[in-house]
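Just run33.pdb here, PDB, C-alpha atoms:
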ATOM      1  CA  MET A 837       0.000   0.000   0.000
ATOM      2  CA  ILE A 838       1.285   3.455  -0.865
ATOM      3  CA  ARG A 839       1.406   5.837   2.056
ATOM      4  CA  LEU A 840       1.660   9.607   1.539
ATOM      5  CA  LYS A 841       3.904  11.553   3.828
ATOM      6  CA  LYS A 842       4.233  15.321   3.967
ATOM      7  CA  ASP A 843       7.871  16.375   4.272
ATOM      8  CA  LEU A 844       7.395  20.109   3.868
ATOM      9  CA  THR A 845       4.493  22.536   4.177
ATOM     10  CA  GLY A 846       2.724  24.524   1.478
ATOM     11  CA  LEU A 847       3.575  23.849  -2.121
ATOM     12  CA  ASP A 848       7.131  22.675  -1.449
ATOM     13  CA  CYS A 849       6.046  19.139  -0.669
ATOM     14  CA  LYS A 850       6.515  15.619  -1.955
ATOM     15  CA  VAL A 851       5.428  12.087  -1.284
ATOM     16  CA  SER A 852       8.523  10.636   0.308
ATOM     17  CA  GLU A 853       7.713   6.899   0.308
ATOM     18  CA  ARG A 854       7.928   5.026  -2.997
ATOM     19  CA  ALA A 855       9.777   8.106  -4.216
ATOM     20  CA  ILE A 856       6.666   9.600  -5.869
ATOM     21  CA  GLU A 857       7.630  13.254  -6.025
ATOM     22  CA  TYR A 858       5.386  16.299  -6.494
ATOM     23  CA  ASN A 859       7.577  17.541  -9.328
ATOM     24  CA  GLY A 860       6.269  14.730 -11.497
ATOM     25  CA  SER A 861       9.266  12.345 -11.429
ATOM     26  CA  ILE A 862       8.685   8.690 -10.408
ATOM     27  CA  SER A 863      11.333   6.295  -9.181
ATOM     28  CA  ILE A 864      10.222   2.641  -8.797
ATOM     29  CA  ASN A 865      12.567  -0.076  -7.647
ATOM     30  CA  SER A 866      11.038  -3.210  -9.153
ATOM     31  CA  LYS A 867       8.610  -4.673 -11.660
ATOM     32  CA  LYS A 868       6.448  -5.775  -8.765
ATOM     33  CA  GLU A 869       6.048  -2.194  -7.677
ATOM     34  CA  ILE A 870       5.172  -1.178 -11.253
ATOM     35  CA  SER A 871       2.425  -3.819 -11.350
ATOM     36  CA  LYS A 872       1.052  -2.654  -8.010
ATOM     37  CA  MET A 873       1.181   0.928  -9.144
ATOM     38  CA  PHE A 874      -0.868   0.305 -12.290
ATOM     39  CA  ARG A 875      -3.448  -1.835 -10.472
ATOM     40  CA  PHE A 876      -4.286   1.042  -8.204
ATOM     41  CA  LEU A 877      -3.481   3.955 -10.523
ATOM     42  CA  PHE A 878      -6.920   4.660 -11.919
ATOM     43  CA  ALA A 879      -8.871   3.596  -8.837
ATOM     44  CA  GLY A 880      -6.739   5.737  -6.590
ATOM     45  CA  VAL A 881      -5.952   8.728  -8.778
ATOM     46  CA  LEU A 882      -8.673  10.936  -7.318
ATOM     47  CA  ALA A 883      -7.809  10.026  -3.743
ATOM     48  CA  ILE A 884      -4.096  10.558  -4.350
ATOM     49  CA  SER A 885      -4.790  13.913  -6.024
ATOM     50  CA  ALA A 886      -6.910  14.985  -3.086
ATOM     51  CA  LEU A 887      -4.220  13.989  -0.596
ATOM     52  CA  LEU A 888      -1.522  15.727  -2.599
ATOM     53  CA  PHE A 889      -3.711  18.840  -2.806
ATOM     54  CA  GLN A 890      -4.197  18.788   0.948
ATOM     55  CA  SER A 891      -0.526  18.157   1.690
ATOM     56  CA  CYS A 892       0.427  21.023  -0.608
ATOM     57  CA  GLY A 893      -1.660  23.547   1.237
ATOM     58  CA  GLY A 894      -5.129  22.576  -0.051
ATOM     59  CA  GLY A 895      -8.233  23.541   1.801
ATOM     60  CA  ILE A 896      -8.143  27.273   1.048
ATOM     61  CA  ASP A 897      -8.768  29.575   3.955
ATOM     62  CA  GLU A 898     -11.994  31.406   3.174
ATOM     63  CA  ASN A 899     -10.173  34.652   3.977
ATOM     64  CA  ALA A 900      -7.124  33.878   1.822
ATOM     65  CA  PRO A 901      -6.506  36.463  -0.896
ATOM     66  CA  LEU A 902      -7.659  35.432  -4.353
ATOM     67  CA  ILE A 903      -5.615  37.090  -7.079
ATOM     68  CA  LYS A 904      -6.759  37.294 -10.689
ATOM     69  CA  HIS A 905      -4.282  35.536 -12.953
ATOM     70  CA  GLN A 906      -3.940  35.022 -16.704
ATOM     71  CA  GLN A 907      -2.743  31.813 -18.278
ATOM     72  CA  ASN A 908      -2.819  30.856 -21.961
ATOM     73  CA  GLY A 909      -4.983  33.876 -22.725
ATOM     74  CA  LYS A 910      -7.628  33.024 -20.126
ATOM     75  CA  TRP A 911      -8.244  34.441 -16.651
ATOM     76  CA  GLY A 912      -8.804  32.703 -13.344
ATOM     77  CA  PHE A 913      -7.959  33.178  -9.677
ATOM     78  CA  ILE A 914      -5.031  31.885  -7.668
ATOM     79  CA  THR A 915      -3.722  32.015  -4.134
ATOM     80  CA  PHE A 916      -0.191  31.558  -2.818
ATOM     81  CA  ASP A 917       1.770  31.224   0.402
ATOM     82  CA  SER A 918       4.297  33.982  -0.216
ATOM     83  CA  PHE A 919       5.477  36.349  -2.889
ATOM     84  CA  GLU A 920       8.733  34.414  -3.100
ATOM     85  CA  LYS A 921       6.838  31.280  -4.093
ATOM     86  CA  LEU A 922       4.667  33.245  -6.478
ATOM     87  CA  ARG A 923       7.751  34.603  -8.237
ATOM     88  CA  ALA A 924       8.994  31.033  -8.479
ATOM     89  CA  GLY A 925       5.747  30.040 -10.170
ATOM     90  CA  LYS A 926       4.427  28.154  -7.147
ATOM     91  CA  PHE A 927       0.790  28.997  -6.613
ATOM     92  CA  LYS A 928      -2.536  27.246  -6.297
ATOM     93  CA  VAL A 929      -5.290  27.652  -8.894
ATOM     94  CA  VAL A 930      -8.525  28.155  -6.963
ATOM     95  CA  ILE A 931     -10.808  29.136  -9.866
ATOM     96  CA  LYS A 932      -9.601  27.697 -13.151
ATOM     97  CA  HIS A 933      -8.526  29.839 -16.087
ATOM     98  CA  GLN A 934     -11.672  29.947 -18.214
ATOM     99  CA  TYR A 935     -12.720  33.594 -18.509
ATOM    100  CA  ASP A 936     -11.948  36.227 -21.144
ATOM    101  CA  ASN A 937     -11.788  38.952 -18.495
ATOM    102  CA  VAL A 938     -12.289  39.264 -14.740
ATOM    103  CA  ASP A 939     -12.352  41.921 -12.051
ATOM    104  CA  ASP A 940     -10.887  41.636  -8.577
ATOM    105  CA  PHE A 941     -13.098  40.286  -5.812
ATOM    106  CA  GLY A 942     -14.827  43.033  -3.874
ATOM    107  CA  ARG A 943     -15.482  43.227  -0.167
ATOM    108  CA  ASP A 944     -18.837  41.608  -0.771
ATOM    109  CA  GLY A 945     -17.081  38.418  -1.909
ATOM    110  CA  PHE A 946     -18.168  38.695  -5.554
ATOM    111  CA  ALA A 947     -16.240  39.269  -8.778
ATOM    112  CA  ARG A 948     -17.364  40.140 -12.300
ATOM    113  CA  VAL A 949     -16.303  37.700 -15.026
ATOM    114  CA  GLN A 950     -16.667  37.788 -18.799
ATOM    115  CA  GLN A 951     -17.121  35.012 -21.340
ATOM    116  CA  ASN A 952     -17.917  35.399 -25.024
ATOM    117  CA  GLY A 953     -18.541  39.115 -24.582
ATOM    118  CA  LYS A 954     -21.059  38.661 -21.749
ATOM    119  CA  TRP A 955     -20.675  39.487 -18.054
ATOM    120  CA  GLY A 956     -21.771  37.684 -14.909
ATOM    121  CA  ILE A 957     -20.858  37.351 -11.225
ATOM    122  CA  ILE A 958     -19.100  34.546  -9.346
ATOM    123  CA  ASN A 959     -18.407  34.055  -5.650
ATOM    124  CA  ARG A 960     -15.120  33.035  -4.026
ATOM    125  CA  ALA A 961     -15.941  29.363  -4.517
ATOM    126  CA  GLY A 962     -16.178  29.950  -8.266
ATOM    127  CA  LYS A 963     -19.952  29.445  -8.313
ATOM    128  CA  VAL A 964     -21.869  31.576 -10.814
ATOM    129  CA  VAL A 965     -24.120  33.903  -8.821
ATOM    130  CA  LEU A 966     -25.423  35.999 -11.704
ATOM    131  CA  PRO A 967     -25.646  34.246 -15.097
ATOM    132  CA  ILE A 968     -23.006  35.256 -17.623
ATOM    133  CA  GLN A 969     -25.499  36.864 -19.974
ATOM    134  CA  TYR A 970     -25.298  40.631 -19.505
ATOM    135  CA  ASP A 971     -23.724  43.141 -21.888
ATOM    136  CA  GLN A 972     -22.779  45.510 -19.057
ATOM    137  CA  MET A 973     -23.119  45.645 -15.295
ATOM    138  CA  GLU A 974     -21.993  47.734 -12.357
ATOM    139  CA  LEU A 975     -18.805  46.850 -10.509
ATOM    140  CA  SER A 976     -20.510  45.773  -7.291
ATOM    141  CA  PHE A 977     -23.787  45.418  -5.448
ATOM    142  CA  SER A 978     -25.271  48.438  -3.681
ATOM    143  CA  GLN A 979     -28.086  47.964  -1.178
ATOM    144  CA  GLY A 980     -28.248  44.356  -2.370
ATOM    145  CA  MET A 981     -28.872  45.457  -5.968
ATOM    146  CA  MET A 982     -26.811  45.635  -9.138
ATOM    147  CA  LYS A 983     -27.603  47.526 -12.346
ATOM    148  CA  VAL A 984     -27.295  45.348 -15.462
ATOM    149  CA  GLN A 985     -27.785  45.764 -19.208
ATOM    150  CA  LYS A 986     -29.022  43.161 -21.670
ATOM    151  CA  ASP A 987     -29.953  43.705 -25.309
ATOM    152  CA  GLY A 988     -29.643  47.460 -24.837
ATOM    153  CA  LYS A 989     -32.039  47.610 -21.871
ATOM    154  CA  TRP A 990     -31.274  48.253 -18.196
ATOM    155  CA  GLY A 991     -32.638  46.884 -14.935
ATOM    156  CA  PHE A 992     -31.605  45.785 -11.450
ATOM    157  CA  VAL A 993     -30.943  42.268 -10.130
ATOM    158  CA  ASP A 994     -30.318  41.046  -6.600
ATOM    159  CA  ALA A 995     -27.532  38.759  -5.355
ATOM    160  CA  ALA A 996     -29.689  35.713  -6.101
ATOM    161  CA  GLY A 997     -29.908  36.702  -9.768
ATOM    162  CA  LYS A 998     -33.565  37.703  -9.580
ATOM    163  CA  GLU A 999     -34.683  40.713 -11.607
ATOM    164  CA  ILE A1000     -36.134  43.073  -9.020
ATOM    165  CA  VAL A1001     -36.411  45.944 -11.510
ATOM    166  CA  PRO A1002     -37.261  44.603 -14.991
ATOM    167  CA  VAL A1003     -34.537  44.901 -17.615
ATOM    168  CA  LYS A1004     -36.566  47.160 -19.900
ATOM    169  CA  PHE A1005     -35.381  50.742 -19.413
ATOM    170  CA  GLU A1006     -33.325  52.723 -21.923
ATOM    171  CA  ARG A1007     -31.230  54.242 -19.144
ATOM    172  CA  LEU A1008     -31.140  53.990 -15.353
ATOM    173  CA  GLY A1009     -29.681  56.155 -12.640
ATOM    174  CA  ALA A1010     -28.950  55.087  -9.095
ATOM    175  CA  PHE A1011     -30.923  54.902  -5.878
ATOM    176  CA  GLY A1012     -28.900  57.676  -4.320
ATOM    177  CA  GLY A1013     -25.119  57.674  -4.287
ATOM    178  CA  TYR A1014     -22.923  60.133  -6.209
ATOM    179  CA  GLY A1015     -22.430  61.972  -2.921
ATOM    180  CA  LEU A1016     -26.133  61.816  -2.026
ATOM    181  CA  PRO A1017     -27.808  59.586   0.568
ATOM    182  CA  PHE A1018     -29.573  56.487  -0.681
ATOM    183  CA  SER A1019     -33.106  57.091  -1.906
ATOM    184  CA  ASP A1020     -36.202  54.990  -2.577
ATOM    185  CA  PHE A1021     -36.408  56.471  -6.083
ATOM    186  CA  ALA A1022     -34.047  56.298  -9.067
ATOM    187  CA  PRO A1023     -34.149  58.217 -12.379
ATOM    188  CA  ALA A1024     -35.061  56.074 -15.380
ATOM    189  CA  LYS A1025     -35.520  56.677 -19.102
ATOM    190  CA  LEU A1026     -38.269  55.165 -21.219
ATOM    191  CA  GLY A1027     -39.686  56.336 -24.547
ATOM    192  CA  GLY A1028     -36.984  58.998 -24.790
ATOM    193  CA  LYS A1029     -38.090  60.742 -21.582
ATOM    194  CA  TRP A1030     -36.957  60.623 -17.958
ATOM    195  CA  GLY A1031     -38.948  59.858 -14.837
ATOM    196  CA  TYR A1032     -38.433  58.041 -11.540
ATOM    197  CA  ILE A1033     -39.045  54.449 -10.425
ATOM    198  CA  ASP A1034     -39.047  52.725  -7.034
ATOM    199  CA  LYS A1035     -37.027  49.641  -6.056
ATOM    200  CA  THR A1036     -39.546  47.277  -7.630
ATOM    201  CA  GLY A1037     -39.635  49.113 -10.952
ATOM    202  CA  ASN A1038     -42.960  50.850 -10.393
ATOM    203  CA  VAL A1039     -43.194  54.316 -11.971
ATOM    204  CA  VAL A1040     -43.511  56.962  -9.254
ATOM    205  CA  ILE A1041     -42.893  60.046 -11.444
ATOM    206  CA  PRO A1042     -44.013  59.889 -15.098
ATOM    207  CA  PHE A1043     -41.569  59.814 -17.987
ATOM    208  CA  GLU A1044     -41.910  63.440 -19.045
ATOM    209  CA  TYR A1045     -38.563  65.119 -18.393
ATOM    210  CA  GLU A1046     -35.736  65.882 -20.801
ATOM    211  CA  ALA A1047     -32.611  64.847 -18.925
ATOM    212  CA  GLU A1048     -31.450  62.606 -16.115
ATOM    213  CA  GLY A1049     -31.839  64.206 -12.719
ATOM    214  CA  GLN A1050     -30.104  63.120  -9.562
ATOM    215  CA  GLY A1051     -31.594  61.293  -6.621
ATOM    216  CA  PHE A1052     -33.927  62.841  -4.081
ATOM    217  CA  TRP A1053     -32.550  64.437  -0.960
ATOM    218  CA  GLU A1054     -34.957  65.684   1.674
ATOM    219  CA  GLY A1055     -37.726  65.197  -0.861
ATOM    220  CA  LEU A1056     -36.289  67.253  -3.743
ATOM    221  CA  ALA A1057     -34.691  66.268  -7.055
ATOM    222  CA  PRO A1058     -33.569  68.322 -10.092
ATOM    223  CA  VAL A1059     -35.426  67.735 -13.378
ATOM    224  CA  LYS A1060     -35.317  69.415 -16.792
ATOM    225  CA  LEU A1061     -38.341  70.605 -18.766
ATOM    226  CA  GLY A1062     -38.617  73.134 -21.591
ATOM    227  CA  GLY A1063     -34.838  73.515 -21.706
ATOM    228  CA  LYS A1064     -34.602  74.678 -18.062
ATOM    229  CA  TRP A1065     -33.950  72.959 -14.750
ATOM    230  CA  GLY A1066     -36.095  73.091 -11.647
ATOM    231  CA  TYR A1067     -36.877  70.900  -8.626
ATOM    232  CA  VAL A1068     -39.814  68.605  -7.888
ATOM    233  CA  ASN A1069     -40.838  66.683  -4.794
ATOM    234  CA  GLU A1070     -41.668  62.982  -4.602
ATOM    235  CA  SER A1071     -45.266  63.751  -5.642
ATOM    236  CA  ASN A1072     -43.963  65.405  -8.836
ATOM    237  CA  GLU A1073     -45.010  68.854  -7.641
ATOM    238  CA  VAL A1074     -42.793  71.724  -8.769
ATOM    239  CA  VAL A1075     -41.168  73.222  -5.664
ATOM    240  CA  ILE A1076     -38.505  75.385  -7.348
ATOM    241  CA  PRO A1077     -39.538  76.672 -10.819
ATOM    242  CA  PHE A1078     -37.782  75.753 -14.053
ATOM    243  CA  GLN A1079     -35.332  78.625 -14.446
ATOM    244  CA  PHE A1080     -31.778  77.282 -14.317
ATOM    245  CA  LEU A1081     -29.380  76.378 -17.101
ATOM    246  CA  THR A1082     -27.894  73.575 -15.021
ATOM    247  CA  ALA A1083     -28.704  72.070 -11.645
ATOM    248  CA  THR A1084     -27.406  69.426  -9.244
ATOM    249  CA  GLY A1085     -28.913  67.651  -6.274
ATOM    250  CA  PHE A1086     -28.784  69.240  -2.848
ATOM    251  CA  SER A1087     -25.676  68.473  -0.827
ATOM    252  CA  PRO A1088     -26.249  66.588   2.432
ATOM    253  CA  LYS A1089     -23.348  68.525   3.960
ATOM    254  CA  THR A1090     -24.346  72.084   3.088
ATOM    255  CA  GLY A1091     -28.044  71.753   2.320
ATOM    256  CA  LEU A1092     -27.391  73.735  -0.885
ATOM    257  CA  ALA A1093     -27.515  72.885  -4.594
ATOM    258  CA  GLN A1094     -25.227  74.090  -7.376
ATOM    259  CA  VAL A1095     -27.081  75.783 -10.250
ATOM    260  CA  SER A1096     -26.265  78.193 -13.053
ATOM    261  CA  VAL A1097     -28.264  81.190 -14.264
ATOM    262  CA  PRO A1098     -27.988  83.204 -17.514
ATOM    263  CA  GLY A1099     -25.361  85.958 -17.435
ATOM    264  CA  LEU A1100     -23.932  88.269 -20.063
ATOM    265  CA  ALA A1101     -24.613  87.004 -23.584
ATOM    266  CA  GLY A1102     -26.526  84.137 -22.015
ATOM    267  CA  LEU A1103     -23.396  82.554 -20.588
ATOM    268  CA  PRO A1104     -24.005  80.444 -17.459
ATOM    269  CA  VAL A1105     -23.117  81.998 -14.104
ATOM    270  CA  PRO A1106     -22.735  79.536 -11.195
ATOM    271  CA  ARG A1107     -24.832  80.054  -8.101
ATOM    272  CA  ARG A1108     -25.883  78.099  -5.044
ATOM    273  CA  ILE A1109     -29.461  77.905  -3.820
ATOM    274  CA  ASP A1110     -31.259  76.715  -0.711
ATOM    275  CA  LYS A1111     -34.266  74.371  -0.658
ATOM    276  CA  GLU A1112     -36.641  77.296  -1.191
ATOM    277  CA  GLY A1113     -34.819  78.273  -4.379
ATOM    278  CA  ASN A1114     -33.187  81.366  -2.886
ATOM    279  CA  ILE A1115     -29.745  82.248  -4.219
ATOM    280  CA  VAL A1116     -27.285  82.150  -1.363
ATOM    281  CA  VAL A1117     -24.947  85.157  -1.206
ATOM    282  CA  GLU A1118     -21.509  83.783  -0.503
ATOM    283  CA  THR A1119     -18.731  85.610   1.289
ATOM    284  CA  ARG A1120     -15.059  84.846   1.133
ATOM    285  CA  LYS A1121     -13.013  84.164   4.235
ATOM    286  CA  GLY A1122      -9.374  83.659   3.372
ATOM    287  CA  ASN A1123      -9.346  81.217   0.469
ATOM    288  CA  ILE A1124     -12.678  79.592   1.348
ATOM    289  CA  TRP A1125     -16.080  80.606   0.111
ATOM    290  CA  GLN A1126     -18.600  80.508   2.948
TER     291      GLN A1126
END

Please go through the file and, once you have read it, give me the structure as structure tokens.
Amino acid sequence: MIRLKKDLTGLDCKVSERAIEYNGSISINSKKEISKMFRFLFAGVLAISALLFQSCGGGIDENAPLIKHQQNGKWGFITFDSFEKLRAGKFKVVIKHQYDNVDDFGRDGFARVQQNGKWGIINRAGKVVLPIQYDQMELSFSQGMMKVQKDGKWGFVDAAGKEIVPVKFERLGAFGGYGLPFSDFAPAKLGGKWGYIDKTGNVVIPFEYEAEGQGFWEGLAPVKLGGKWGYVNESNEVVIPFQFLTATGFSPKTGLAQVSVPGLAGLPVPRRIDKEGNIVVETRKGNIWQ
């Protein structure tokens, strides 16, 4: 019977008895041993491989770093014991090289992968979480959701791969973010016009505006109509009239929004407004505008 014995730890290991070495060389002392070897070769190959894998550092720590790695034009993920061993070409393939492109794993434990021009999501075990069928997708989940595109249409899916906002919109914004707190509403485009949807895809503000606004903050969001920007509340009531050349969402830090108004020759002049639409007169203290 062949017994496996670990001489060294990690990848620098070998089976010492019967002189079966990890580097692939085999030294057998007699024809009897050859016969015994071949009788058990196929029956025992999986068990021997598993033992060798374990003796060479198998059983990956769930917190071990997984590094994207390219081999023969394909991408996969590896781990290693030390940079010295990595430089020597000694590493362990955790997720085989089968993808055309991959991103690093995020803190959420997921990574984007690409095959045949389509994107999907895998977890650290290499299991496909989101099917590899999307043309584009965001880099990571936010609030348990990810924006995806398929056949030119956008929607949101959850970490189980379920479409929670149907993939049918021409464009989609975000539920907050971009410096704003998270919101229950996101801007969406359908039929060439912009409106707002909730987290199930229901339309909460009709598709009637001309450009993508930002998310709501304290009940207000910028929208564009008739070539000018103004602000509406979550009931689609105009709170600040359409009068600005440009407009941003209100800042959670200052409570103000950046807008621009017509100046000389119609050129935009930047201003800041409060939530009532009043232009805030700014004073300068040192090098800082107050």

*Run the PyMOL selection byres ((chain A and resi 1110) around 9) mentally over the shown coordinates, then write out the matched residues as number ranges by chain, using the chain letters and numbers from the document.*
A: 1086, 1091-1093, 1108-1109, 1111-1116

_region 1041-1043 of chain A surroundings by only C-alpha atoms, 6 Å radius, close-in-sequence under 3 positions cut, as a PyMOL selection string_ = chain A and resi 1029-1032

Output C-alpha atoms for every residue in the selection just made, as a PDB file, keeping the file's coordinate frame.
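New file part_14.pdb:
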ATOM      1  CA  LYS A1029     -38.090  60.742 -21.582  1.00  0.00           C
ATOM      2  CA  TRP A1030     -36.957  60.623 -17.958  1.00  0.00           C
ATOM      3  CA  GLY A1031     -38.948  59.858 -14.837  1.00  0.00           C
ATOM      4  CA  TYR A1032     -38.433  58.041 -11.540  1.00  0.00           C
TER       5      TYR A1032
END

Once the PyMOL selection byres ((chain A and resi 989) around 6) has been applied to the shown file, what residues remain in the selection, as a PDB file with C-alpha atoms, keeping the file's coordinate frame?
ATOM      1  CA  GLN A 985     -27.785  45.764 -19.208  1.00  0.00           C
ATOM      2  CA  LYS A 986     -29.022  43.161 -21.670  1.00  0.00           C
ATOM      3  CA  ASP A 987     -29.953  43.705 -25.309  1.00  0.00           C
ATOM      4  CA  GLY A 988     -29.643  47.460 -24.837  1.00  0.00           C
ATOM      5  CA  TRP A 990     -31.274  48.253 -18.196  1.00  0.00           C
ATOM      6  CA  VAL A1003     -34.537  44.901 -17.615  1.00  0.00           C
ATOM      7  CA  LYS A1004     -36.566  47.160 -19.900  1.00  0.00           C
ATOM      8  CA  PHE A1005     -35.381  50.742 -19.413  1.00  0.00           C
ATOM      9  CA  GLU A1006     -33.325  52.723 -21.923  1.00  0.00           C
TER      10      GLU A1006
END

*Do you know which residues the PyMOL selection byres ((chain A and resi 932) around 8) returns on this file, as a VMD selection string?*
chain A and resid 911 to 913 929 to 931 933 to 934

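Nearest-residue note for Leu902 (chain A): choosing from A:Trp1065, A:Phe1052, A:Phe946, A:Tyr935, the minimum distance belongs to A:Phe946, counting all atoms listed in the file.
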
From the block you just saw, export region 1010-1068 of chain A: C-alpha atoms, as a CSV table (one decimal), in the first residue's frame.
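Now in part-v1.csv:
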chain,number,residue,atom,x,y,z
A,1010,ALA,CA,-29.0,55.1,-9.1
A,1011,PHE,CA,-30.9,54.9,-5.9
A,1012,GLY,CA,-28.9,57.7,-4.3
A,1013,GLY,CA,-25.1,57.7,-4.3
A,1014,TYR,CA,-22.9,60.1,-6.2
A,1015,GLY,CA,-22.4,62.0,-2.9
A,1016,LEU,CA,-26.1,61.8,-2.0
A,1017,PRO,CA,-27.8,59.6,0.6
A,1018,PHE,CA,-29.6,56.5,-0.7
A,1019,SER,CA,-33.1,57.1,-1.9
A,1020,ASP,CA,-36.2,55.0,-2.6
A,1021,PHE,CA,-36.4,56.5,-6.1
A,1022,ALA,CA,-34.0,56.3,-9.1
A,1023,PRO,CA,-34.1,58.2,-12.4
A,1024,ALA,CA,-35.1,56.1,-15.4
A,1025,LYS,CA,-35.5,56.7,-19.1
A,1026,LEU,CA,-38.3,55.2,-21.2
A,1027,GLY,CA,-39.7,56.3,-24.5
A,1028,GLY,CA,-37.0,59.0,-24.8
A,1029,LYS,CA,-38.1,60.7,-21.6
A,1030,TRP,CA,-37.0,60.6,-18.0
A,1031,GLY,CA,-38.9,59.9,-14.8
A,1032,TYR,CA,-38.4,58.0,-11.5
A,1033,ILE,CA,-39.0,54.4,-10.4
A,1034,ASP,CA,-39.0,52.7,-7.0
A,1035,LYS,CA,-37.0,49.6,-6.1
A,1036,THR,CA,-39.5,47.3,-7.6
A,1037,GLY,CA,-39.6,49.1,-11.0
A,1038,ASN,CA,-43.0,50.8,-10.4
A,1039,VAL,CA,-43.2,54.3,-12.0
A,1040,VAL,CA,-43.5,57.0,-9.3
A,1041,ILE,CA,-42.9,60.0,-11.4
A,1042,PRO,CA,-44.0,59.9,-15.1
A,1043,PHE,CA,-41.6,59.8,-18.0
A,1044,GLU,CA,-41.9,63.4,-19.0
A,1045,TYR,CA,-38.6,65.1,-18.4
A,1046,GLU,CA,-35.7,65.9,-20.8
A,1047,ALA,CA,-32.6,64.8,-18.9
A,1048,GLU,CA,-31.4,62.6,-16.1
A,1049,GLY,CA,-31.8,64.2,-12.7
A,1050,GLN,CA,-30.1,63.1,-9.6
A,1051,GLY,CA,-31.6,61.3,-6.6
A,1052,PHE,CA,-33.9,62.8,-4.1
A,1053,TRP,CA,-32.6,64.4,-1.0
A,1054,GLU,CA,-35.0,65.7,1.7
A,1055,GLY,CA,-37.7,65.2,-0.9
A,1056,LEU,CA,-36.3,67.3,-3.7
A,1057,ALA,CA,-34.7,66.3,-7.1
A,1058,PRO,CA,-33.6,68.3,-10.1
A,1059,VAL,CA,-35.4,67.7,-13.4
A,1060,LYS,CA,-35.3,69.4,-16.8
A,1061,LEU,CA,-38.3,70.6,-18.8
A,1062,GLY,CA,-38.6,73.1,-21.6
A,1063,GLY,CA,-34.8,73.5,-21.7
A,1064,LYS,CA,-34.6,74.7,-18.1
A,1065,TRP,CA,-33.9,73.0,-14.7
A,1066,GLY,CA,-36.1,73.1,-11.6
A,1067,TYR,CA,-36.9,70.9,-8.6
A,1068,VAL,CA,-39.8,68.6,-7.9
